[in-house]
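Take a look at the structure set out below.
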Amino acid sequence: MPERRTVALVTLGCARNEVDSEELAGRLEADGWELVEDAEAADVAVVNTCGFVEAAKKDSVDALLEANDLKGHGRTQAVVAVGCMAERYGKDLAEALPEADGVLGFDDYADISDRLQTILNGGIHASHTPRDRRKLLPISPAERQDAGAEVALPGHAPVDLPEGLAPASGPRAPLRRRLGTNPVASVKLASGCDRRCTFCAIPSFRGSFISRRPSDVLGETRWLAEQGVKEVMLVSENNTSYGKDLGDIRLLETLLPELAAVDGIERVRVSYLQPAEMRPGLIDVLTGTDKVVPYFDLSFQHSAPAVLRSMRRFGDTDRFLDLLSTIRDKAPQAGVRSNFIVGFPGESEADLAELERFLTGARLDAIGVFGYSDEEGTEAATYEHKLDEDVVAERLARVSRLAEELVSQRADERVGEAVHVLVESIDDEDGAVGRGEHQAPETDGQVLLTSSEGLTVGRIVEAKVIGTRGVDLVAEPLECSEEAGR
């Protein structure tokens, strides 16, 4: 019997990339590849890259170079780049980074096994020529679903697959293979974006917005529950637009209770919400549906009107504060996080002060702050009135200090609250660590439990917050949920 081919997937970037990697893993396993955790134990190391900002691109290049260093020192024979950076730059990346044995775009995902085998055999698969993926779908959202069948949409693999393609867990399984045992998993709700924010290049390489069918989202969630997942996080470039191309902009309000009713799922979390698209009905469902956590990942980006208009975004400080007030009137303990860009072209000291006014009044649980830098292919890169790099750096440091102080204060406000903590890890060094309903994976801090007695990973425990460590909470377990973890 020939030795089995082995492959390792190294994932960088956001939760959407994690879903894409698990789809690639499902396709490869279905075609006979053995998935291994460490790149040095694999014939092929596949690096799922991020192409969003310069720091993420650098991390992707570093990961590719690190994997390339394994060649000649172990089993690794080839290193292949996939993901957003590979899709965005294609042959240009291949020429600039000859250490990569292949640079594959989204259109290669359906044939990933053949592509890797060709490269492993010493063949060359021509890197694609980048193109604006917004042009692959009709301008009208109503016309996209039929056209979408002919466009590569990573993470949108159908749930009911032809015989022989589904993983061993059953015919209802999606073309997906979990790459870890964490009790939380992301599910693609949609791909692409129709917004035209002047600082963002994502729509050009992820394409126009297109929703997944609710039946596929439900089927994948049921499969994840069978794998032991307790929390699903819905991801896309813009979840508030879900359903507009399916004829129902309020489809998310209908889908969420159905997802929450899936046997074994204890939490449903929605990420990537646009403030300008928040609807009263959606707020009601997010704050009033059992097992749907009151969590609001709102993409504010700034609050000064002049800066927001330059970004081609909407709103202002007072409208954003009114939105948060509406949310907290319905769910006082709701979690809210957001990201902000400082030093945008033309940003004045008054604009920055307006942003600081918003941050001070918003009581956000988690804040990400980024200094503006030109992103090629974006409208903002052509703007005049750019700020000097040292000015951007100073403003970044200033707002970052404020943000750190504010999120610590917000954590302190939670002392005395009862929180429901999903236990994600237990070890001798850190004890039991998990997340409350107001905390998303990776980005929003954790809950450090004072005791791990009787706890297991995947259980939900009620706990009382007794202290803080920066953005993290320290909580004393009260009792384990009888339903969670069964």
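In the structure tokens, the first chain shown is A, the next is B, and so on; residue numbers restart at 1 for each chain, and ligands run from 1 in the order shown.
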
- Message: Residues of segment 348-472 of chain A classed as helix (DSSP H, G or I) by DSSP on the backbone are to be reported as number ranges by chain.
- Response: A: 349-362, 380-382, 389-413

- In segment 173-413 of chain A, what's strand (DSSP E or B) per DSSP? Answer as a PyMOL selection string? chain A and resi 184-188+190-191+210-211+231-235+267-270+273+292+295-298+301+335-342+366-371

- Query: Within 9 Å of Asp92 of chain A, counting only C-alpha atoms, which residues qualify if same-chain residues fewer than 4 places away don't, as a list in words?
  - Reply: Ala96, Leu97, Ser127, Thr129 and Pro130 of chain A

Write the residues you've just listed into a file as a PDB file, in the first residue's frame, and include N, CA, C and O atoms for each of them.
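Now in again_10.pdb:
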ATOM      1  N   ALA A  96       7.263  37.487  -6.202  1.00  0.00           N
ATOM      2  CA  ALA A  96       7.948  38.153  -5.095  1.00  0.00           C
ATOM      3  C   ALA A  96       8.383  37.177  -4.017  1.00  0.00           C
ATOM      4  O   ALA A  96       9.295  37.476  -3.237  1.00  0.00           O
ATOM      5  N   LEU A  97       7.749  36.005  -3.987  1.00  0.00           N
ATOM      6  CA  LEU A  97       8.039  35.031  -2.936  1.00  0.00           C
ATOM      7  C   LEU A  97       8.266  33.656  -3.564  1.00  0.00           C
ATOM      8  O   LEU A  97       7.415  32.768  -3.469  1.00  0.00           O
ATOM      9  N   SER A 127       0.014  30.427 -11.225  1.00  0.00           N
ATOM     10  CA  SER A 127      -0.704  31.293 -10.300  1.00  0.00           C
ATOM     11  C   SER A 127      -1.695  32.159 -11.072  1.00  0.00           C
ATOM     12  O   SER A 127      -1.434  32.563 -12.206  1.00  0.00           O
ATOM     13  N   THR A 129      -4.187  35.267 -12.216  1.00  0.00           N
ATOM     14  CA  THR A 129      -4.080  36.712 -12.374  1.00  0.00           C
ATOM     15  C   THR A 129      -5.194  37.361 -11.560  1.00  0.00           C
ATOM     16  O   THR A 129      -6.369  37.070 -11.781  1.00  0.00           O
ATOM     17  N   PRO A 130      -4.855  38.202 -10.584  1.00  0.00           N
ATOM     18  CA  PRO A 130      -5.893  38.802  -9.734  1.00  0.00           C
ATOM     19  C   PRO A 130      -6.914  39.578 -10.551  1.00  0.00           C
ATOM     20  O   PRO A 130      -6.598  40.174 -11.583  1.00  0.00           O
TER      21      PRO A 130
END

- Would you mind telling me which residue in A:Arg133, A:Arg337, A:Lys230, A:Arg222 lies nearest to Ser191 of chain A when using only C-alpha atoms? A:Arg133

- Skip segment 416-420 of chain A itself and residues of its chain fewer than 3 positions away, then list as a PyMOL selection string all residues within 10 Å of it, counting only C-alpha atoms. chain A and resi 333+412-413+423+434-438+447+459-467+473+475-481

- Query: Given the choices A:Arg131, A:Thr76, A:Trp33, A:Ala67, which gets closest to Ile112 of chain A if the distance is worked out from only C-alpha atoms?
  - Reply: A:Trp33

- Mind checking which residues fall within 9 Å of segment 99-102 of chain A, counting only C-alpha atoms, ignoring those fewer than 4 positions away in the same chain, and posting them as a ChimeraX atom specification? /A:64-65,68,78-82,93-94,115-116,119-120,124-127

Those same residues, written as a compact mmCIF listing (two decimals), in the first residue's frame with N, CA, C and O atoms?
# COMPACT_ATOMS: atom_id res chain seq x y z
N LEU A 64 4.88 31.74 5.65
CA LEU A 64 5.31 31.02 4.45
C LEU A 64 6.81 30.75 4.49
O LEU A 64 7.28 29.65 4.17
N LEU A 65 7.58 31.74 4.91
CA LEU A 65 9.04 31.56 4.99
C LEU A 65 9.40 30.56 6.07
O LEU A 65 10.33 29.75 5.90
N ASN A 68 8.74 27.23 4.71
CA ASN A 68 9.75 26.91 3.70
C ASN A 68 11.05 26.42 4.34
O ASN A 68 11.75 25.57 3.79
N ALA A 78 6.79 20.69 0.14
CA ALA A 78 6.22 21.82 -0.60
C ALA A 78 5.46 22.73 0.36
O ALA A 78 4.88 22.28 1.35
N VAL A 79 5.48 24.02 0.01
CA VAL A 79 4.74 25.04 0.77
C VAL A 79 3.83 25.77 -0.21
O VAL A 79 4.29 26.24 -1.26
N VAL A 80 2.55 25.87 0.13
CA VAL A 80 1.56 26.44 -0.78
C VAL A 80 0.79 27.54 -0.07
O VAL A 80 0.35 27.37 1.08
N ALA A 81 0.62 28.66 -0.74
CA ALA A 81 -0.15 29.79 -0.21
C ALA A 81 -1.57 29.76 -0.76
O ALA A 81 -1.77 29.60 -1.97
N VAL A 82 -2.55 29.90 0.12
CA VAL A 82 -3.95 30.08 -0.27
C VAL A 82 -4.48 31.28 0.52
O VAL A 82 -3.73 31.97 1.19
N LEU A 93 2.50 37.76 -6.12
CA LEU A 93 3.02 37.17 -4.89
C LEU A 93 3.97 36.03 -5.20
O LEU A 93 5.02 35.88 -4.57
N ALA A 94 3.61 35.22 -6.20
CA ALA A 94 4.47 34.09 -6.57
C ALA A 94 5.85 34.58 -7.03
O ALA A 94 6.87 33.98 -6.70
N ARG A 115 -4.50 20.10 -7.20
CA ARG A 115 -3.48 21.15 -7.23
C ARG A 115 -2.28 20.77 -6.35
O ARG A 115 -1.12 20.91 -6.77
N LEU A 116 -2.55 20.31 -5.14
CA LEU A 116 -1.46 19.95 -4.24
C LEU A 116 -0.68 18.75 -4.76
O LEU A 116 0.55 18.69 -4.64
N ILE A 119 1.72 19.89 -7.46
CA ILE A 119 2.88 20.58 -6.88
C ILE A 119 3.80 19.60 -6.18
O ILE A 119 5.03 19.67 -6.29
N LEU A 120 3.21 18.63 -5.45
CA LEU A 120 4.01 17.63 -4.75
C LEU A 120 4.81 16.78 -5.72
O LEU A 120 5.94 16.35 -5.41
N ILE A 124 4.10 22.39 -11.95
CA ILE A 124 3.85 23.81 -11.69
C ILE A 124 2.40 24.12 -12.05
O ILE A 124 1.94 23.81 -13.15
N HIS A 125 1.70 24.70 -11.09
CA HIS A 125 0.35 25.19 -11.38
C HIS A 125 0.44 26.70 -11.48
O HIS A 125 0.86 27.39 -10.53
N ALA A 126 0.07 27.23 -12.61
CA ALA A 126 0.20 28.67 -12.85
C ALA A 126 -0.63 29.46 -11.86
O ALA A 126 -1.82 29.19 -11.67
N SER A 127 0.01 30.43 -11.23
CA SER A 127 -0.70 31.29 -10.30
C SER A 127 -1.70 32.16 -11.07
O SER A 127 -1.43 32.56 -12.21

- Contacts of Leu364 of chain A at 9 Å (only C-alpha atoms; same-chain gap of 6+ positions) as an MDAnalysis selection string: chainID A and resid 335:338 403 406:407 410

Write out, as an mmCIF file, in the first residue's frame, the residues just selected, with all heavy atoms.
data_model
loop_
_atom_site.group_PDB
_atom_site.id
_atom_site.type_symbol
_atom_site.label_atom_id
_atom_site.label_comp_id
_atom_site.auth_asym_id
_atom_site.auth_seq_id
_atom_site.Cartn_x
_atom_site.Cartn_y
_atom_site.Cartn_z
ATOM 1 N N GLY A 335 -22.871 42.756 25.598
ATOM 2 C CA GLY A 335 -21.481 43.008 25.242
ATOM 3 C C GLY A 335 -21.409 43.799 23.948
ATOM 4 O O GLY A 335 -22.163 43.538 23.013
ATOM 5 N N VAL A 336 -20.496 44.770 23.906
ATOM 6 C CA VAL A 336 -20.317 45.575 22.695
ATOM 7 C C VAL A 336 -18.830 45.763 22.454
ATOM 8 O O VAL A 336 -18.079 46.101 23.368
ATOM 9 C CB VAL A 336 -20.977 46.970 22.818
ATOM 10 C CG1 VAL A 336 -20.901 47.699 21.474
ATOM 11 C CG2 VAL A 336 -22.424 46.864 23.291
ATOM 12 N N ARG A 337 -18.414 45.507 21.225
ATOM 13 C CA ARG A 337 -17.024 45.753 20.835
ATOM 14 C C ARG A 337 -17.003 46.492 19.503
ATOM 15 O O ARG A 337 -17.985 46.475 18.760
ATOM 16 C CB ARG A 337 -16.230 44.449 20.716
ATOM 17 C CG ARG A 337 -16.430 43.726 19.393
ATOM 18 C CD ARG A 337 -15.430 42.612 19.158
ATOM 19 N NE ARG A 337 -14.086 42.937 19.573
ATOM 20 C CZ ARG A 337 -13.203 43.586 18.819
ATOM 21 N NH1 ARG A 337 -13.557 44.030 17.615
ATOM 22 N NH2 ARG A 337 -11.979 43.814 19.246
ATOM 23 N N SER A 338 -15.856 47.126 19.194
ATOM 24 C CA SER A 338 -15.731 47.787 17.900
ATOM 25 C C SER A 338 -14.268 48.071 17.604
ATOM 26 O O SER A 338 -13.400 47.988 18.491
ATOM 27 C CB SER A 338 -16.519 49.090 17.871
ATOM 28 O OG SER A 338 -16.623 49.581 16.540
ATOM 29 N N ALA A 403 -8.289 53.770 25.195
ATOM 30 C CA ALA A 403 -9.076 52.552 25.018
ATOM 31 C C ALA A 403 -8.750 51.521 26.099
ATOM 32 O O ALA A 403 -9.656 50.884 26.657
ATOM 33 C CB ALA A 403 -8.820 51.964 23.633
ATOM 34 N N LEU A 406 -10.382 52.574 29.264
ATOM 35 C CA LEU A 406 -11.840 52.474 29.233
ATOM 36 C C LEU A 406 -12.329 51.029 29.322
ATOM 37 O O LEU A 406 -13.324 50.750 30.006
ATOM 38 C CB LEU A 406 -12.382 53.139 27.966
ATOM 39 C CG LEU A 406 -12.241 54.672 27.920
ATOM 40 C CD1 LEU A 406 -12.613 55.192 26.538
ATOM 41 C CD2 LEU A 406 -13.106 55.338 28.990
ATOM 42 N N VAL A 407 -11.670 50.103 28.620
ATOM 43 C CA VAL A 407 -12.136 48.709 28.680
ATOM 44 C C VAL A 407 -11.857 48.109 30.062
ATOM 45 O O VAL A 407 -12.609 47.245 30.534
ATOM 46 C CB VAL A 407 -11.519 47.848 27.561
ATOM 47 C CG1 VAL A 407 -11.977 48.326 26.194
ATOM 48 C CG2 VAL A 407 -10.006 47.793 27.635
ATOM 49 N N ARG A 410 -14.691 49.340 32.101
ATOM 50 C CA ARG A 410 -15.911 48.588 31.777
ATOM 51 C C ARG A 410 -15.885 47.217 32.439
ATOM 52 O O ARG A 410 -16.909 46.742 32.953
ATOM 53 C CB ARG A 410 -16.044 48.445 30.262
ATOM 54 C CG ARG A 410 -17.264 47.643 29.808
ATOM 55 C CD ARG A 410 -18.560 48.329 30.196
ATOM 56 N NE ARG A 410 -19.715 47.536 29.800
ATOM 57 C CZ ARG A 410 -20.723 47.229 30.604
ATOM 58 N NH1 ARG A 410 -20.730 47.645 31.860
ATOM 59 N NH2 ARG A 410 -21.735 46.516 30.170
#

- What lies within 7 Å of segment 36-49 of chain A using only C-alpha atoms, ignoring chain neighbours under 3 positions off, as a list in words?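 Residues near the query, excluding close chain neighbours: Arg5, Thr6, Val7, Ala8, Leu9, Val10, Thr11, Leu12, Gly13, Ser21, Ser60, Leu64, Ala67, Leu70, Gly74, Arg75, Thr76, Gln77, Ala78, Val79, Val80, Ala81, Val82, Gly83, Cys84, Met85 and Ala86 of chain A.
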
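Taking atom CA of Leu323 of chain A and atom CA of Arg196 of chain A as endpoints, the distance between them is 22.6 Å.
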
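Separating atom CA of Ile367 of chain A from atom CA of Met233 of chain A is a distance of 19.0 Å.
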
- Between atom CA of Ala393 of chain A and atom CA of Glu356 of chain A, distance in Å (one decimal):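 So the two atoms, atom CA of Ala393 of chain A and atom CA of Glu356 of chain A, lie 16.1 Å apart.
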
- Return the single residue from A:Pro257, A:Gly90, A:Gly371, A:Pro138 that is closest to Glu54 of chain A, with distances computed using only C-alpha atoms. A:Gly371

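Each of A:Gly288, A:Glu277, A:Arg213, A:Phe344 was checked against Leu251 of chain A using only C-alpha atoms; the smallest atom-to-atom distance is that of A:Arg213.
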
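The shortest atom-to-atom distance to Ala152 of chain A, with only C-alpha atoms taken into account, belongs to A:Glu87 out of A:Asp62, A:Glu87, A:Glu258, A:Asp318.
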